[in-house]
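Asks: Right, I'll just put the structure down here and ask away after.
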Amino acid sequence: MIKIFFIILSLAFSSSAFAQFTAEYDPDNVPSADEYDGSDYLSYEEETPSIFKTPAAVEVAQPPAPKNIKKPTPYTGNIRILASVNGEIITTEDINNRVRAFCLTTGIPYNSETKLLIINKVMQNTIDEKIKMQDAKNNNIKITDADIDTAIKTYTQNNKSTPEKLKRELKEFGVSEAVFREQMKSDIAWVRLIRNKTANQTVTEPEVQEALKITKEDMNKIKYMVSEIVIPRKEAKNIYDLSRTLRQDPRFEMYAAQFSQSPSSSSGGRLGWINAGQLPDALDKVLQKMSVNSVSDPIIHNDSYYILKLEKKFDPAKDKMPEPNAEEITNMLQNQKTERFASRYLQTLRQRASIKLKE
């Protein structure tokens with residue numbers, strides 16, 4: 001994997017930032033996985049919240065923190081069919097299990113402010129899970145129980161745990177072990193499928209040299225390291241609740257990866273280094289007034305809400321930044337190519353699939 005400081009690099013040359021904020025960029029028309037219209041199963045009503053600033057002298061009582069639910073059960077009663085994907089059904093029990101697994105593995109709390117985002121994200125993930133497994137089967141990708149056991153062992157080691165402890169946690173959170181293994185199987189199959197399909201993709205020397213050139217030329221400009229969460233207005237009923245949550249929970253990257261519907265979600269919402277004036281005006285005006293480590297209020301742009309986080313600010317007059325070498329640039333570009341292919345390929349599979357939503 002690329003080292004964390006690669007995000008520092010190329011200053012608007014990350015796969016998201018480099019493509020997103022050119023003159024022709026339209027965030028609503030970027031071909032990516034999030035072009036799938038999930039509105040069929042999203043039940044949000046459109047609304048445009050109003051912000052009323054309270055005079056500084058007036059103390060306003062803070063609302064009580066929402067109560068977190070450890071074992072969420074979005075759907076109660078008899079098991080019902082919620083959707084089918086190419087004839088394969090998704091039930092209320094499937095979603096209940098996956099919502100609990102989502103909260104367990106991400107650490108994102110399930111409460112009145114997050115539940116709609118979580119339920120709809122899990123539904124989208126479950127549809128994608130079916131699509132990925134079906135296509136992996138069509139491409140003769142076979143995943144064994146031993147493969148899943150190995151992946152679970154790696155997962156628990158990365159989280160300083162053990163497979164035995166994970167089993168206990170799954171039981172405690174009310175998550176079916178079979179469902180968890182099925183999700184793991186889908187992830188493994190998808191990685192292998194994409195790896196097979198991108199095996200012949202290479203980064204050329206001219207691409208590397210062009211990236212190095214852009215990086216060096218860009219070192220004399222003021223820039224901001226920015227992360228974003230983008231949610232279409234029609235799905236943003238709880239967007240102000242989300243921004244308040246992000247000011248209390250430092251895991252912006254986790255929330256962006258799970259909820260943002262921008263291409264940058266694949267990298268935790270990170271756009272990398274953005275030059276002053278590079279973002280659209282509505283976003284740039286807010287960004288230049290932000291302090292480091294702050295999170296913005298939701299900003300409306302092109303019928304979507306943006307939440308920005310300013311990670312760092314770079315001023316060439318007083319700050320120094322290491323220049324990446326050719327090997328680091330090559331690795332970054334290769335990862336970008338793979339991510340773009342995976343995003344486009346999943347979008348194509350979604351468009352071809354027969355997805356029927358029951359409610």
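Chain identifiers are assigned as A, B, and so on, following the order in which chains appear in the structure tokens; residues are numbered from 1 within each chain, and ligands are numbered from 1 in order of appearance.
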May I have the residues within 12 Å of region 67-78 of chain A as a PyMOL selection string, using only C-alpha atoms and disregarding those fewer than 4 positions away in the same chain?

Replies: chain A and resi 63+82+91-104+107-116+118-120+122-123+169-175+359

Asks: So which one's closest to Ser294 (chain A), A:Met254, A:Gln248, A:Gly268, A:Gln334? Using only C-alpha atoms, please.

Replies: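 The shortest atom-to-atom distance to Ser294 (chain A) comes from A:Gln248.
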
Asks: Name all residues at most 8 Å from Gln261 (chain A) (count only C-alpha atoms; drop same-chain ones fewer than 5 positions away) and give them as a PDB file with N, CA and C atoms, in the first residue's frame.

Replies:
ATOM      1  N   ASP A  34     -20.606   5.546  -7.544  1.00  0.00           N
ATOM      2  CA  ASP A  34     -21.717   6.207  -6.887  1.00  0.00           C
ATOM      3  C   ASP A  34     -22.723   6.797  -7.858  1.00  0.00           C
ATOM      4  N   ILE A 229     -17.044  14.884   2.346  1.00  0.00           N
ATOM      5  CA  ILE A 229     -18.175  13.958   2.293  1.00  0.00           C
ATOM      6  C   ILE A 229     -19.221  14.619   1.408  1.00  0.00           C
ATOM      7  N   VAL A 230     -19.706  13.897   0.420  1.00  0.00           N
ATOM      8  CA  VAL A 230     -20.671  14.437  -0.532  1.00  0.00           C
ATOM      9  C   VAL A 230     -21.918  13.573  -0.512  1.00  0.00           C
ATOM     10  N   ILE A 231     -23.064  14.206  -0.259  1.00  0.00           N
ATOM     11  CA  ILE A 231     -24.338  13.486  -0.224  1.00  0.00           C
ATOM     12  C   ILE A 231     -25.361  14.264  -1.040  1.00  0.00           C
ATOM     13  N   PRO A 232     -26.008  13.629  -2.021  1.00  0.00           N
ATOM     14  CA  PRO A 232     -27.019  14.319  -2.823  1.00  0.00           C
ATOM     15  C   PRO A 232     -28.101  14.928  -1.942  1.00  0.00           C
TER      16      PRO A 232
END

Asks: Measuring between only C-alpha atoms, which one of A:Pro163, A:Ser291, A:Asp297, A:Ile194 shows the shortest distance to Arg340 (chain A)?

Replies: A:Ile194

Asks: Just give me the gap between CA of Arg181 (chain A) and CA of Ile81 (chain A) in Å, one decimal is fine.

Replies: 21.3 Å

Asks: If you count only C-alpha atoms, which residues fall within 9 Å of Lys185 (chain A), apart from same-chain ones fewer than 6 positions away, as a PyMOL selection string?

Replies: chain A and resi 133+143-145+147-148+151

Asks: Can you tell me, as an MDAnalysis selection string, which residues in region 54-156 of chain A count as alpha helix (DSSP H) by DSSP?

Replies: chainID A and resid 92:106 115:138 145:156

Asks: Kindly export the residues of the current selection with N, CA and C atoms, as a compact mmCIF listing (two decimals), in the first residue's frame.

Replies:
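What ended up in selection09.txt:
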# COMPACT_ATOMS: atom_id res chain seq x y z
N THR A 92 -35.33 -8.86 5.27
CA THR A 92 -35.17 -7.99 6.45
C THR A 92 -34.13 -8.56 7.40
N GLU A 93 -34.06 -9.88 7.51
CA GLU A 93 -33.06 -10.51 8.39
C GLU A 93 -31.65 -10.27 7.86
N ASP A 94 -31.49 -10.30 6.53
CA ASP A 94 -30.19 -10.01 5.94
C ASP A 94 -29.73 -8.61 6.33
N ILE A 95 -30.62 -7.65 6.23
CA ILE A 95 -30.26 -6.26 6.52
C ILE A 95 -30.02 -6.06 8.01
N ASN A 96 -30.85 -6.66 8.86
CA ASN A 96 -30.63 -6.55 10.30
C ASN A 96 -29.23 -7.04 10.67
N ASN A 97 -28.85 -8.21 10.15
CA ASN A 97 -27.52 -8.76 10.45
C ASN A 97 -26.41 -7.85 9.94
N ARG A 98 -26.58 -7.32 8.75
CA ARG A 98 -25.52 -6.51 8.15
C ARG A 98 -25.43 -5.13 8.79
N VAL A 99 -26.55 -4.60 9.28
CA VAL A 99 -26.49 -3.34 10.02
C VAL A 99 -25.68 -3.53 11.31
N ARG A 100 -25.93 -4.63 11.99
CA ARG A 100 -25.17 -4.90 13.21
C ARG A 100 -23.69 -5.12 12.91
N ALA A 101 -23.42 -5.86 11.84
CA ALA A 101 -22.03 -6.09 11.44
C ALA A 101 -21.35 -4.78 11.07
N PHE A 102 -22.08 -3.91 10.40
CA PHE A 102 -21.55 -2.60 10.02
C PHE A 102 -21.14 -1.81 11.26
N CYS A 103 -22.00 -1.77 12.25
CA CYS A 103 -21.71 -1.01 13.46
C CYS A 103 -20.55 -1.63 14.23
N LEU A 104 -20.48 -2.97 14.24
CA LEU A 104 -19.40 -3.65 14.94
C LEU A 104 -18.05 -3.38 14.28
N THR A 105 -17.99 -3.50 12.96
CA THR A 105 -16.70 -3.41 12.27
C THR A 105 -16.23 -1.98 12.04
N THR A 106 -17.16 -1.03 11.92
CA THR A 106 -16.75 0.36 11.68
C THR A 106 -16.64 1.16 12.96
N LYS A 115 -28.99 6.48 11.93
CA LYS A 115 -29.63 5.24 11.51
C LYS A 115 -30.07 5.23 10.05
N LEU A 116 -30.59 6.35 9.55
CA LEU A 116 -31.03 6.35 8.15
C LEU A 116 -29.85 6.21 7.20
N LEU A 117 -28.75 6.89 7.50
CA LEU A 117 -27.55 6.75 6.69
C LEU A 117 -27.04 5.31 6.71
N ILE A 118 -27.04 4.71 7.89
CA ILE A 118 -26.53 3.35 8.02
C ILE A 118 -27.41 2.35 7.29
N ILE A 119 -28.71 2.42 7.49
CA ILE A 119 -29.62 1.45 6.86
C ILE A 119 -29.50 1.51 5.34
N ASN A 120 -29.50 2.72 4.79
CA ASN A 120 -29.44 2.84 3.33
C ASN A 120 -28.07 2.48 2.78
N LYS A 121 -27.01 2.80 3.53
CA LYS A 121 -25.68 2.37 3.12
C LYS A 121 -25.57 0.85 3.11
N VAL A 122 -26.11 0.22 4.13
CA VAL A 122 -26.05 -1.24 4.22
C VAL A 122 -26.86 -1.88 3.10
N MET A 123 -28.00 -1.31 2.77
CA MET A 123 -28.78 -1.85 1.65
C MET A 123 -27.99 -1.77 0.35
N GLN A 124 -27.37 -0.62 0.10
CA GLN A 124 -26.55 -0.47 -1.11
C GLN A 124 -25.40 -1.47 -1.11
N ASN A 125 -24.73 -1.62 0.05
CA ASN A 125 -23.63 -2.57 0.15
C ASN A 125 -24.09 -4.00 -0.11
N THR A 126 -25.28 -4.34 0.38
CA THR A 126 -25.78 -5.71 0.22
C THR A 126 -26.12 -5.99 -1.24
N ILE A 127 -26.69 -5.01 -1.91
CA ILE A 127 -26.95 -5.17 -3.35
C ILE A 127 -25.63 -5.36 -4.09
N ASP A 128 -24.63 -4.55 -3.76
CA ASP A 128 -23.33 -4.68 -4.40
C ASP A 128 -22.68 -6.03 -4.08
N GLU A 129 -22.87 -6.48 -2.85
CA GLU A 129 -22.32 -7.77 -2.45
C GLU A 129 -22.85 -8.89 -3.35
N LYS A 130 -24.17 -8.86 -3.61
CA LYS A 130 -24.77 -9.88 -4.49
C LYS A 130 -24.22 -9.77 -5.91
N ILE A 131 -24.13 -8.54 -6.40
CA ILE A 131 -23.64 -8.31 -7.76
C ILE A 131 -22.21 -8.81 -7.91
N LYS A 132 -21.37 -8.50 -6.94
CA LYS A 132 -19.96 -8.90 -7.01
C LYS A 132 -19.80 -10.41 -6.99
N MET A 133 -20.53 -11.08 -6.09
CA MET A 133 -20.42 -12.53 -6.00
C MET A 133 -20.94 -13.20 -7.26
N GLN A 134 -22.01 -12.68 -7.81
CA GLN A 134 -22.55 -13.26 -9.04
C GLN A 134 -21.56 -13.13 -10.19
N ASP A 135 -20.92 -11.97 -10.30
CA ASP A 135 -19.96 -11.78 -11.39
C ASP A 135 -18.69 -12.58 -11.16
N ALA A 136 -18.28 -12.71 -9.90
CA ALA A 136 -17.11 -13.54 -9.60
C ALA A 136 -17.37 -14.99 -10.01
N LYS A 137 -18.57 -15.47 -9.74
CA LYS A 137 -18.93 -16.83 -10.14
C LYS A 137 -18.91 -16.96 -11.66
N ASN A 138 -19.42 -15.96 -12.36
CA ASN A 138 -19.42 -15.99 -13.83
C ASN A 138 -18.00 -15.98 -14.39
N ASP A 145 -13.36 -22.07 2.04
CA ASP A 145 -13.47 -21.77 3.47
C ASP A 145 -12.11 -21.40 4.05
N ALA A 146 -11.05 -22.05 3.53
CA ALA A 146 -9.70 -21.74 4.01
C ALA A 146 -9.32 -20.30 3.66
N ASP A 147 -9.75 -19.83 2.49
CA ASP A 147 -9.48 -18.44 2.09
C ASP A 147 -10.15 -17.48 3.08
N ILE A 148 -11.40 -17.80 3.44
CA ILE A 148 -12.14 -16.94 4.36
C ILE A 148 -11.50 -16.97 5.75
N ASP A 149 -11.09 -18.16 6.19
CA ASP A 149 -10.44 -18.28 7.50
C ASP A 149 -9.17 -17.43 7.55
N THR A 150 -8.39 -17.47 6.46
CA THR A 150 -7.16 -16.69 6.39
C THR A 150 -7.46 -15.19 6.45
N ALA A 151 -8.50 -14.78 5.70
CA ALA A 151 -8.87 -13.36 5.69
C ALA A 151 -9.34 -12.90 7.07
N ILE A 152 -10.10 -13.75 7.75
CA ILE A 152 -10.57 -13.40 9.09
C ILE A 152 -9.40 -13.30 10.06
N LYS A 153 -8.45 -14.21 9.92
CA LYS A 153 -7.26 -14.15 10.78
C LYS A 153 -6.50 -12.86 10.56
N THR A 154 -6.34 -12.46 9.30
CA THR A 154 -5.65 -11.20 9.00
C THR A 154 -6.44 -10.01 9.55
N TYR A 155 -7.75 -10.04 9.36
CA TYR A 155 -8.62 -8.96 9.84
C TYR A 155 -8.48 -8.80 11.36
N THR A 156 -8.53 -9.91 12.08
CA THR A 156 -8.45 -9.81 13.53
C THR A 156 -7.06 -9.38 13.99

Asks: Which polymer residues have any atom within 10 Å of an atom of Leu283 (chain A), counting only C-alpha atoms, with same-chain residues fewer than 6 positions away left out, as a short mmCIF file (atom, residue, chain, number, x, y, z; two decimals) with C-alpha atoms, in the first residue's frame?

Replies:
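Output saved as result_24.cif:
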data_model
loop_
_atom_site.label_atom_id
_atom_site.label_comp_id
_atom_site.auth_asym_id
_atom_site.auth_seq_id
_atom_site.Cartn_x
_atom_site.Cartn_y
_atom_site.Cartn_z
CA GLY A 277 -8.95 28.74 -5.70
CA SER A 296 -17.47 22.73 7.89
CA PRO A 298 -22.89 21.39 4.99
CA ILE A 299 -22.34 23.43 1.81
CA ILE A 300 -24.79 23.16 -1.09
CA HIS A 301 -23.21 22.87 -4.55
CA TYR A 306 -20.52 18.90 0.86
CA ILE A 307 -18.91 18.62 4.28
CA LEU A 308 -15.22 19.56 4.27
#

Asks: Choose the residue, out of A:Leu193, A:Leu279, A:Leu310, A:Val292, that has the smallest atom-to-atom separation from Thr338 (chain A); count only C-alpha atoms.

Replies: A:Leu193
